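One file, final08.txt, carrying compact mmCIF, C-alpha atoms:
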```txt
# COMPACT_ATOMS: atom_id res chain seq x y z
CA MET A 91 30.41 25.02 2.73
CA ILE A 92 27.26 23.05 1.97
CA ARG A 93 29.35 20.15 0.66
CA TYR A 94 31.26 20.11 3.94
CA LEU A 95 27.97 20.10 5.86
CA ILE A 96 26.56 17.25 3.73
CA LYS A 97 29.72 15.25 4.38
CA ASN A 98 29.48 15.82 8.13
CA ASN A 99 25.79 14.85 8.15
CA PHE A 100 26.66 11.62 6.36
CA LYS A 101 29.24 10.87 9.04
CA LEU A 102 26.80 11.72 11.83
CA MET A 103 24.18 9.32 10.47
CA ALA A 104 26.79 6.63 9.88
CA ARG A 105 27.55 6.59 13.61
CA ASN A 106 24.07 5.23 14.25
CA TRP A 107 24.13 2.47 11.63
CA VAL A 108 21.44 0.51 13.51
CA ASN A 109 18.69 2.68 11.96
CA VAL A 110 19.85 1.84 8.43
CA PHE A 111 20.14 -1.83 9.42
CA LEU A 112 16.54 -1.78 10.70
CA LEU A 113 15.43 -0.18 7.43
CA ILE A 114 16.90 -3.21 5.64
CA LEU A 115 15.85 -5.90 8.10
CA CYS A 116 12.26 -4.89 8.95
CA PRO A 117 10.77 -5.02 5.42
CA LEU A 118 12.53 -8.34 4.80
CA LEU A 119 11.09 -9.90 7.96
CA VAL A 120 7.55 -8.59 7.36
CA SER A 121 7.69 -9.60 3.69
CA ALA A 122 8.85 -13.11 4.59
CA VAL A 123 5.88 -13.59 6.95
CA LEU A 124 3.29 -12.22 4.51
CA ILE A 125 4.72 -14.04 1.49
CA SER A 126 4.30 -17.30 3.38
CA ALA A 127 0.89 -16.43 4.86
CA PHE A 128 -0.68 -15.27 1.58
CA SER A 129 1.07 -17.59 -0.84
CA THR A 130 -2.26 -19.15 -1.90
CA LEU A 131 -4.11 -15.82 -2.18
CA LEU A 132 -2.11 -14.66 -5.18
CA ALA A 133 -0.95 -18.05 -6.38
CA LYS A 134 -3.12 -17.89 -9.46
CA TYR A 135 -3.75 -14.25 -10.23
CA GLU A 136 -5.19 -14.69 -13.70
CA LYS A 137 -8.16 -13.54 -15.67
CA VAL A 138 -11.17 -15.84 -15.42
CA ASP A 139 -14.00 -16.14 -17.92
CA SER A 140 -17.66 -16.10 -16.94
CA PHE A 141 -18.51 -19.05 -14.72
CA LYS A 142 -21.55 -20.60 -13.05
CA ALA A 143 -22.10 -20.63 -9.30
CA GLY A 144 -24.96 -21.88 -7.17
CA PHE A 145 -26.75 -20.19 -4.29
CA SER A 146 -29.58 -20.76 -1.87
CA ILE A 147 -31.45 -18.28 0.34
CA GLU A 148 -32.99 -19.27 3.64
CA GLN A 149 -36.78 -19.11 3.36
CA GLY A 150 -38.16 -15.95 4.92
CA SER A 151 -34.76 -14.22 4.88
CA LYS A 152 -34.71 -10.47 4.29
CA TRP A 153 -32.29 -11.08 1.42
CA GLU A 154 -34.99 -12.75 -0.70
CA THR A 155 -36.11 -9.27 -1.80
CA ALA A 156 -32.62 -8.59 -3.15
CA GLU A 157 -32.42 -11.82 -5.17
CA SER A 158 -33.07 -10.28 -8.59
CA ILE A 159 -30.57 -7.43 -8.20
CA MET A 160 -28.00 -9.90 -6.83
CA ILE A 161 -28.34 -12.13 -9.91
CA GLU A 162 -28.22 -9.11 -12.23
CA SER A 163 -25.14 -7.64 -10.52
CA ALA A 164 -23.37 -11.00 -10.54
CA ASP A 165 -24.04 -11.37 -14.26
CA LYS A 166 -22.32 -8.01 -14.89
CA ALA A 167 -19.35 -9.27 -12.86
CA GLY A 168 -19.11 -12.42 -15.00
CA ILE A 169 -20.82 -14.78 -12.52
CA VAL A 170 -23.93 -16.73 -13.56
CA LEU A 171 -25.87 -17.39 -10.36
CA VAL A 172 -28.22 -20.40 -10.31
CA LYS A 173 -30.65 -20.85 -7.41
CA TYR A 174 -30.99 -24.23 -5.68
CA GLN A 175 -33.38 -25.11 -2.88
CA ASN A 176 -32.50 -27.57 -0.11
CA ALA A 177 -29.33 -28.58 -1.95
CA ASP A 178 -26.13 -29.90 -0.43
CA PRO A 179 -23.51 -27.29 -1.44
CA GLU A 180 -20.51 -29.60 -1.78
CA GLN A 181 -22.39 -32.29 -3.67
CA THR A 182 -24.07 -29.71 -5.94
CA ILE A 183 -20.69 -28.19 -6.84
CA ARG A 184 -19.42 -31.60 -7.94
CA ASN A 185 -22.58 -32.70 -9.75
CA GLU A 186 -23.27 -29.40 -11.54
CA ASP A 187 -19.63 -28.44 -12.19
CA LEU A 188 -20.00 -25.10 -10.37
CA GLY A 189 -17.31 -22.57 -9.57
CA GLY A 190 -18.68 -22.28 -6.02
CA PHE A 191 -21.80 -22.22 -3.90
CA VAL A 192 -23.19 -19.60 -1.52
CA THR A 193 -25.72 -20.16 1.25
CA ILE A 194 -27.43 -16.97 2.46
CA SER A 195 -29.35 -16.35 5.68
CA ASP A 196 -30.29 -13.35 7.85
CA THR A 197 -27.12 -13.82 9.90
CA GLY A 198 -24.77 -13.79 6.90
CA TYR A 199 -23.51 -15.97 4.07
CA ARG A 200 -21.15 -18.89 3.60
CA ILE A 201 -19.11 -19.65 0.50
CA TYR A 202 -18.16 -23.18 -0.58
CA ARG A 203 -15.44 -23.79 -3.14
CA THR A 204 -13.15 -26.57 -4.28
CA GLU A 205 -9.36 -26.61 -4.18
CA ASP A 206 -9.31 -26.87 -7.98
CA GLU A 207 -11.26 -23.63 -8.42
CA LYS A 208 -9.43 -21.23 -6.08
CA VAL A 209 -9.55 -18.26 -8.45
CA LYS A 210 -13.29 -18.62 -9.07
CA GLY A 211 -13.83 -19.04 -5.35
CA MET A 212 -11.89 -15.84 -4.59
CA THR A 213 -13.84 -13.99 -7.29
CA LEU A 214 -17.09 -15.20 -5.77
CA GLU A 215 -15.95 -14.22 -2.28
CA TYR A 216 -14.96 -10.73 -3.42
CA PHE A 217 -18.26 -10.17 -5.23
CA PHE A 218 -20.43 -11.15 -2.26
CA SER A 219 -18.33 -9.19 0.25
CA VAL A 220 -18.83 -6.04 -1.86
CA PHE A 221 -22.49 -6.80 -2.57
CA PHE A 222 -23.52 -7.33 1.04
CA GLU A 223 -21.41 -4.41 2.28
CA GLN A 224 -23.13 -2.01 -0.12
CA ALA A 225 -26.55 -3.62 0.26
CA ALA A 226 -26.37 -3.19 4.03
CA ALA A 227 -25.43 0.47 3.58
CA ALA A 228 -28.25 1.12 1.08
CA PRO A 229 -31.36 3.05 2.23
CA ALA A 230 -34.27 1.01 3.53
CA GLY A 231 -36.26 -0.49 0.69
CA ALA A 232 -33.47 -0.03 -1.84
CA ALA A 233 -32.85 -3.76 -2.06
CA SER A 234 -36.46 -4.58 -2.89
CA ALA A 235 -36.58 -1.73 -5.38
CA ALA A 236 -33.40 -3.05 -7.04
CA LYS A 237 -31.61 0.27 -6.63
CA ILE A 238 -28.38 -0.93 -5.07
CA ALA A 239 -25.50 0.79 -6.88
CA LEU A 240 -22.97 -1.99 -6.77
CA SER A 241 -19.39 -0.87 -7.39
CA VAL A 242 -17.17 -3.78 -8.34
CA GLU A 243 -13.65 -2.93 -9.45
CA HIS A 244 -12.05 -4.95 -12.23
CA PRO A 245 -8.33 -4.05 -12.36
CA GLU A 246 -6.72 -4.23 -15.77
CA PHE A 247 -5.25 -7.66 -16.33
CA THR A 248 -1.49 -7.91 -15.93
CA LYS A 249 0.92 -10.80 -15.93
CA ALA A 250 0.96 -13.07 -12.90
CA VAL A 251 1.62 -11.33 -9.56
CA ASP A 252 2.21 -13.81 -6.77
CA SER A 253 2.62 -13.15 -3.06
CA LYS A 254 6.40 -12.88 -3.17
CA ASP A 255 6.34 -10.24 -5.91
CA TYR A 256 3.50 -8.29 -4.31
CA TYR A 257 4.46 -8.26 -0.64
CA GLY A 258 8.18 -8.40 -1.40
CA ILE A 259 7.79 -5.03 -3.11
CA ALA A 260 4.88 -3.43 -1.24
CA PHE A 261 6.56 -3.53 2.16
CA LEU A 262 9.88 -2.28 0.84
CA LEU A 263 7.99 0.77 -0.38
CA TYR A 264 6.02 1.04 2.86
CA PHE A 265 9.12 1.09 5.07
CA ALA A 266 10.87 3.49 2.69
CA TRP A 267 8.19 6.06 3.57
CA CYS A 268 9.37 5.76 7.20
CA GLY A 269 12.95 6.51 6.15
CA ILE A 270 13.24 9.70 8.25
CA LEU A 271 14.13 7.31 11.09
CA VAL A 272 17.63 7.17 9.58
CA ALA A 273 18.07 10.89 10.42
CA TRP A 274 17.18 10.38 14.09
CA THR A 275 20.75 11.09 15.30
CA LEU A 276 21.17 14.06 12.97
CA LEU A 277 17.91 15.79 13.90
CA SER A 278 18.07 15.06 17.63
CA SER A 279 21.67 16.28 17.92
CA GLU A 280 20.77 19.61 16.30
CA LYS A 281 18.46 20.49 19.16
CA LYS A 282 20.59 18.89 21.85
CA ILE A 283 23.75 20.90 21.13
CA GLY A 284 22.09 23.97 19.64
CA ILE A 285 23.41 23.68 16.09
CA GLY A 286 20.49 25.79 14.84
CA LYS A 287 21.83 28.86 16.63
CA ARG A 288 25.27 28.33 15.08
CA PHE A 289 23.78 28.24 11.59
CA ILE A 290 22.44 31.76 12.13
CA VAL A 291 25.98 33.19 12.30
CA SER A 292 27.48 30.78 9.77
CA GLY A 293 26.19 32.59 6.69
CA LEU A 294 24.32 29.50 5.48
CA SER A 295 20.75 30.07 4.31
CA GLU A 296 17.89 27.85 5.50
CA THR A 297 17.67 26.45 1.96
CA GLN A 298 21.28 25.26 2.20
CA VAL A 299 20.77 23.87 5.70
CA THR A 300 17.61 22.01 4.61
CA PHE A 301 19.28 20.48 1.55
CA ALA A 302 22.31 19.54 3.66
CA LYS A 303 19.94 17.29 5.64
CA PHE A 304 17.69 16.26 2.76
CA ILE A 305 20.40 15.01 0.38
CA PRO A 306 22.39 12.69 2.71
CA THR A 307 19.23 11.32 4.35
CA THR A 308 17.64 10.56 0.97
CA LEU A 309 20.79 8.85 -0.31
CA SER A 310 21.21 6.85 2.92
CA VAL A 311 17.63 5.56 2.75
CA PHE A 312 18.03 4.84 -0.97
CA LEU A 313 21.14 2.79 -0.19
CA GLY A 314 19.38 0.85 2.57
CA ILE A 315 16.27 0.12 0.47
CA GLY A 316 18.52 -0.78 -2.47
CA ILE A 317 20.30 -3.38 -0.34
CA ALA A 318 16.92 -4.67 0.86
CA CYS A 319 15.78 -5.01 -2.78
CA ILE A 320 18.85 -7.06 -3.64
CA LEU A 321 18.41 -9.30 -0.60
CA SER A 322 14.68 -9.83 -1.26
CA SER A 323 15.51 -10.78 -4.84
CA VAL A 324 18.14 -13.28 -3.69
CA LEU A 325 16.27 -14.67 -0.66
CA PHE A 326 12.67 -14.66 -1.91
CA GLY A 327 13.05 -14.55 -5.68
CA VAL A 328 11.25 -11.18 -6.00
CA HIS A 329 11.28 -9.85 -9.58
CA PHE A 330 11.96 -6.11 -9.98
CA GLY A 331 12.19 -5.82 -13.75
CA ASN A 332 14.29 -3.03 -15.28
CA ALA A 333 16.69 -1.95 -12.52
CA LEU A 334 17.12 1.64 -13.79
CA VAL A 335 13.37 2.32 -13.98
CA ILE A 336 12.74 0.81 -10.55
CA ALA A 337 15.70 2.73 -9.09
CA GLY A 338 14.32 5.97 -10.51
CA LEU A 339 10.87 5.33 -9.04
CA LEU A 340 12.37 4.42 -5.66
CA LEU A 341 14.55 7.53 -5.59
CA ALA A 342 11.59 9.81 -6.39
CA MET A 343 9.48 8.14 -3.71
CA ILE A 344 12.20 8.22 -1.06
CA ALA A 345 12.85 11.90 -1.79
CA ALA A 346 9.16 12.60 -1.18
CA ALA A 347 9.20 10.56 2.04
CA ILE A 348 12.24 12.39 3.44
CA ALA A 349 10.89 15.80 2.43
CA LEU A 350 7.62 14.94 4.19
CA GLY A 351 9.49 13.88 7.32
CA LEU A 352 11.62 17.05 7.36
CA ALA A 353 8.50 19.19 6.89
CA ILE A 354 6.79 17.54 9.88
CA HIS A 355 9.97 18.00 11.93
CA SER A 356 10.15 21.69 11.02
CA LEU A 357 6.58 22.11 12.28
CA THR A 358 6.96 20.09 15.49
CA ASP A 359 10.67 20.74 16.25
CA ASN A 360 10.67 17.37 18.02
CA ILE A 361 12.11 14.21 16.48
CA LEU A 362 9.97 11.83 18.59
CA VAL A 363 6.73 13.60 17.64
CA THR A 364 7.92 13.64 14.02
CA ILE A 365 8.48 9.87 13.97
CA ILE A 366 5.12 9.10 15.59
CA SER A 367 3.21 11.53 13.34
CA LEU A 368 4.90 10.28 10.17
CA PHE A 369 4.38 6.61 11.05
CA ALA A 370 0.67 7.26 11.71
CA LEU A 371 0.31 9.10 8.39
CA VAL A 372 2.16 6.37 6.49
CA TRP A 373 -0.06 3.70 8.08
CA VAL A 374 -3.18 5.49 6.81
CA MET A 375 -1.67 5.92 3.33
CA GLY A 376 -0.63 2.27 3.33
CA PHE A 377 -4.06 1.12 4.50
CA PHE A 378 -5.75 2.68 1.48
CA GLY A 379 -2.74 2.20 -0.79
CA GLY A 380 -2.58 -1.60 -0.80
CA SER A 381 0.22 -2.25 1.70
CA PHE A 382 -1.88 -4.51 3.93
CA GLU A 383 -4.70 -5.60 1.60
CA THR A 384 -3.76 -6.09 -2.04
CA TYR A 385 -5.13 -3.35 -4.28
CA MET A 386 -6.43 -6.06 -6.64
CA PHE A 387 -8.95 -7.30 -4.07
CA SER A 388 -9.41 -4.16 -1.96
CA SER A 389 -12.97 -2.84 -1.71
CA HIS A 390 -11.94 0.66 -0.59
CA SER A 391 -13.31 3.61 -2.52
CA LYS A 392 -11.34 4.40 -5.67
CA THR A 393 -11.19 8.04 -4.57
CA LEU A 394 -9.50 7.15 -1.28
CA LYS A 395 -7.02 4.93 -3.09
CA MET A 396 -6.12 7.66 -5.58
CA LEU A 397 -5.47 10.11 -2.71
CA SER A 398 -2.76 7.85 -1.30
CA PRO A 399 0.73 8.31 -2.80
CA ILE A 400 1.55 4.76 -1.69
CA TYR A 401 -1.22 3.46 -3.99
CA HIS A 402 0.37 5.14 -7.03
CA CYS A 403 3.85 3.93 -6.04
CA ASN A 404 2.66 0.36 -5.37
CA ARG A 405 0.89 0.11 -8.69
CA ALA A 406 3.77 1.73 -10.60
CA VAL A 407 6.50 -0.52 -9.18
CA ILE A 408 4.53 -3.78 -8.82
CA GLU A 409 2.85 -3.62 -12.24
CA TYR A 410 6.04 -2.52 -13.98
CA SER A 411 7.96 -5.35 -12.31
CA ALA A 412 5.31 -7.90 -13.31
CA ALA A 413 4.38 -6.73 -16.80
CA GLY A 414 7.14 -4.34 -17.91
CA SER A 415 4.66 -1.47 -18.25
CA THR A 416 2.12 0.48 -16.21
CA LYS A 417 0.11 3.66 -16.62
CA PHE A 418 0.89 4.69 -13.02
CA ILE A 419 4.53 5.76 -13.51
CA PRO A 420 3.61 9.37 -14.51
CA SER A 421 1.13 9.78 -11.64
CA ALA A 422 3.60 8.29 -9.13
CA LEU A 423 6.39 10.62 -10.27
CA LEU A 424 4.10 13.68 -10.31
CA TYR A 425 2.69 12.84 -6.89
CA CYS A 426 6.12 12.28 -5.34
CA GLY A 427 7.60 15.31 -7.08
CA GLY A 428 4.77 17.51 -5.84
CA ILE A 429 5.17 16.27 -2.27
CA THR A 430 8.94 16.81 -2.41
CA VAL A 431 8.74 20.40 -3.69
CA PHE A 432 5.87 21.45 -1.40
CA CYS A 433 7.40 19.92 1.74
CA LEU A 434 10.87 21.35 1.10
CA LEU A 435 9.40 24.82 0.55
CA LEU A 436 7.36 24.43 3.74
CA CYS A 437 10.43 23.28 5.63
CA VAL A 438 12.52 26.25 4.47
CA GLY A 439 9.72 28.71 5.16
CA VAL A 440 9.02 27.47 8.71
CA ASN A 441 12.72 27.35 9.57
CA ASN A 442 13.20 30.89 8.26
CA LEU A 443 10.41 32.10 10.57
CA ARG A 444 11.98 30.22 13.48
CA ARG A 445 15.42 31.71 12.68
CA ARG A 446 14.00 35.25 12.76
CA GLY A 447 12.58 34.52 16.19
CA ARG A 448 16.02 33.46 17.43
CA ALA A 449 17.91 36.38 15.87
```
How does the structure come out when it is put into structure tokens?
Amino acid sequence: MIRYLIKNNFKLMARNWVNVFLLILCPLLVSAVLISAFSTLLAKYEKVDSFKAGFSIEQGSKWETAESIMIESADKAGIVLVKYQNADPEQTIRNEDLGGFVTISDTGYRIYRTEDEKVKGMTLEYFFSVFFEQAAAAPAGAASAAKIALSVEHPEFTKAVDSKDYYGIAFLLYFAWCGILVAWTLLSSEKKIGIGKRFIVSGLSETQVTFAKFIPTTLSVFLGIGIACILSSVLFGVHFGNALVIAGLLLAMIAAAIALGLAIHSLTDNILVTIISLFALVWVMGFFGGSFETYMFSSHSKTLKMLSPIYHCNRAVIEYSAAGSTKFIPSALLYCGGITVFCLLLCVGVNNLRRRGRA
């Protein structure tokens, strides 16, 4: 009976093929735009040795009291800061062979860099963005007392990850988490024609009914994302590495995404509210998980990143694709597996309570 129901659900979703088409098209379009826009950002993702950079502080600026801690923190980050007074930044960079130059005033800071030293310039930019963000948030007097606890993240070095490999993968994963959209026709028709009441007298348990929706939806999304992966590889040259490993990671992640969507639907009993709620949740997870800002340069708290399942999935798939290995595969699988089991149990439990109310 459940096999017959799975087959019918497949057919029902196939009638609205536009949703699967959008699941293929949307990540490709977004990836194409971001790959082009950020092609220089990740063009040379490589480890840099310690380098020298110049800086000047406007006389009388409040940041003069933080000069010593700034130099000390930069040294720990592999940047040797040298102070210059009344110097022309561009000329000083050329004459002193600097990796960049920073001018600091009460209103902010400005970074100068050359086209030949993009990586050093980005490193310098990241350091000062983190330094000033945390210095501004420090208690009054902390800067002068040199008590700023600067947190600068240094991700483990992997092989080159350029914009096409990063965004070509990250947004495929992001849209996969919105895969419940594929089941729009299936879930909306249940309420419209009262299929739920028919299940009560059919002899099918809520576990069977839930899996009859979970299995075809998961496989449909997996098929759509799989096609998108092939197209992104052909069109953009995205490297995915070992196909079986990547397919396994994608399947585990998509299963978690669909289980999460079904759980929200069981709680709301409204497909439109489900889509809006899930999309909002996925946006938050993607914001901290590296979908919009690369996790290599993100200054978000490590704790917030680790709470996002998208962060684990991004690092597992992107790093494995780039380097052939990553320590995030176990955490990604455990995270996705936990979400899948919990959400399916929640879905069955809520639907059982709702069935008793109808009986």
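If all atoms listed in the file are the atoms counted, then among A:Ile194, A:Asn98, A:Leu352, A:Ser381 the closest residue to A:Thr364 is A:Leu352.
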Atom-to-atom span, atom CA of A:Leu102 and atom CA of A:Lys303, Å:
10.8 Å
Counting all atoms listed in the file, the option among A:Cys319, A:Ile159, A:Ala127, A:Leu341 closest to A:Phe261
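Among the listed residues, the smallest separation from A:Phe261 belongs to A:Cys319.
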Tell me, as a list in words, which residues lie within 12 Å of A:Met396, counting all atoms listed in the file; anything in the same chain fewer than 4 positions away does not count.
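Skipping anything fewer than 4 positions along the chain leaves Met375, Gly376, Phe378, Gly379, Gly380, Tyr385, His390, Ser391, Lys392, Ile400, Tyr401, His402, Cys403, Asn404, Arg405, Phe418, Ser421, Ala422 and Tyr425 of chain A.
Closest approach to A:Val209 from the set A:Gly189, A:Phe382, A:Tyr174, A:Leu334 is made by A:Gly189, with distances taken over only C-alpha atoms.
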Which polymer residues have any atom within 7 Å of an atom of A:Thr307, counting only C-alpha atoms, with same-chain residues fewer than 4 positions away left out, as a PyMOL selection string?
chain A and resi 272-273+303+311
Counting all atoms listed in the file, which of A:Ala266, A:Pro420, A:Gly414, A:Ile365 gets nearest to A:Ile114?
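Smallest separation from A:Ile114 among the options: A:Ala266.
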Could you tell me how far atom CA of A:Gly327 lies from atom CA of A:Leu118, in Å and to one decimal?
12.2 Å
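By chain and then residue number, the residues within 10 Å of A:Arg200 are A:Phe145, A:Phe191, A:Val192, A:Thr193, A:Ile194, A:Ser195, A:Gly198, A:Tyr202, A:Glu215, A:Phe218, counting only C-alpha atoms and disregarding those fewer than 2 positions away in sequence.
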Fewer than 5 positions away in the same chain doesn't count, so skip those; otherwise give me all residues within 6 Å of A:Gly144, counting all atoms listed in the file, as a list in words.
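Near neighbours after the sequence-gap exclusion: Leu171, Val172, Lys173 and Phe191 of chain A.
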With all atoms listed in the file as the atoms that count, which of A:Asn442, A:Ser310, A:Ser323, A:Ser388 lies nearest to A:Phe217?
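Among A:Asn442, A:Ser310, A:Ser323, A:Ser388, it is A:Ser388 that comes nearest to A:Phe217.
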From the list A:Ile147, A:Thr213, A:Ile361, A:Ile201, which residue is nearest A:Ile169 when using all atoms listed in the file?
A:Thr213
Using all atoms listed in the file, which protein or nucleic acid residues come within 10 Å of A:Val335? Drop anything in the same chain fewer than 4 positions from it, and give the result as a PyMOL selection string.
chain A and resi 330-331+339-341+407+410-411+414+419
Would you mind exporting C-alpha atoms of the selected residues as an mmCIF file, in the frame of the given file?
```cif
data_model
loop_
_atom_site.group_PDB
_atom_site.id
_atom_site.type_symbol
_atom_site.label_atom_id
_atom_site.label_comp_id
_atom_site.auth_asym_id
_atom_site.auth_seq_id
_atom_site.Cartn_x
_atom_site.Cartn_y
_atom_site.Cartn_z
ATOM 1 C CA PHE A 330 11.960 -6.110 -9.980
ATOM 2 C CA GLY A 331 12.190 -5.820 -13.750
ATOM 3 C CA LEU A 339 10.870 5.330 -9.040
ATOM 4 C CA LEU A 340 12.370 4.420 -5.660
ATOM 5 C CA LEU A 341 14.550 7.530 -5.590
ATOM 6 C CA VAL A 407 6.500 -0.520 -9.180
ATOM 7 C CA TYR A 410 6.040 -2.520 -13.980
ATOM 8 C CA SER A 411 7.960 -5.350 -12.310
ATOM 9 C CA GLY A 414 7.140 -4.340 -17.910
ATOM 10 C CA ILE A 419 4.530 5.760 -13.510
#
```
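In this structure, atom CA of A:Thr384 sits 17.2 Å away from atom CA of A:Lys210.
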Which centre and which edge lengths, in Å to one decimal, describe the axis-aligned box that holds all listed atoms of stretch 211-218 of chain A after 6 Å is added on each side, as lines of an AutoDock Vina configuration file?
```
center_x = -16.2
center_y = -14.6
center_z = -4.8
size_x = 20.5
size_y = 20.9
size_z = 17.0
```
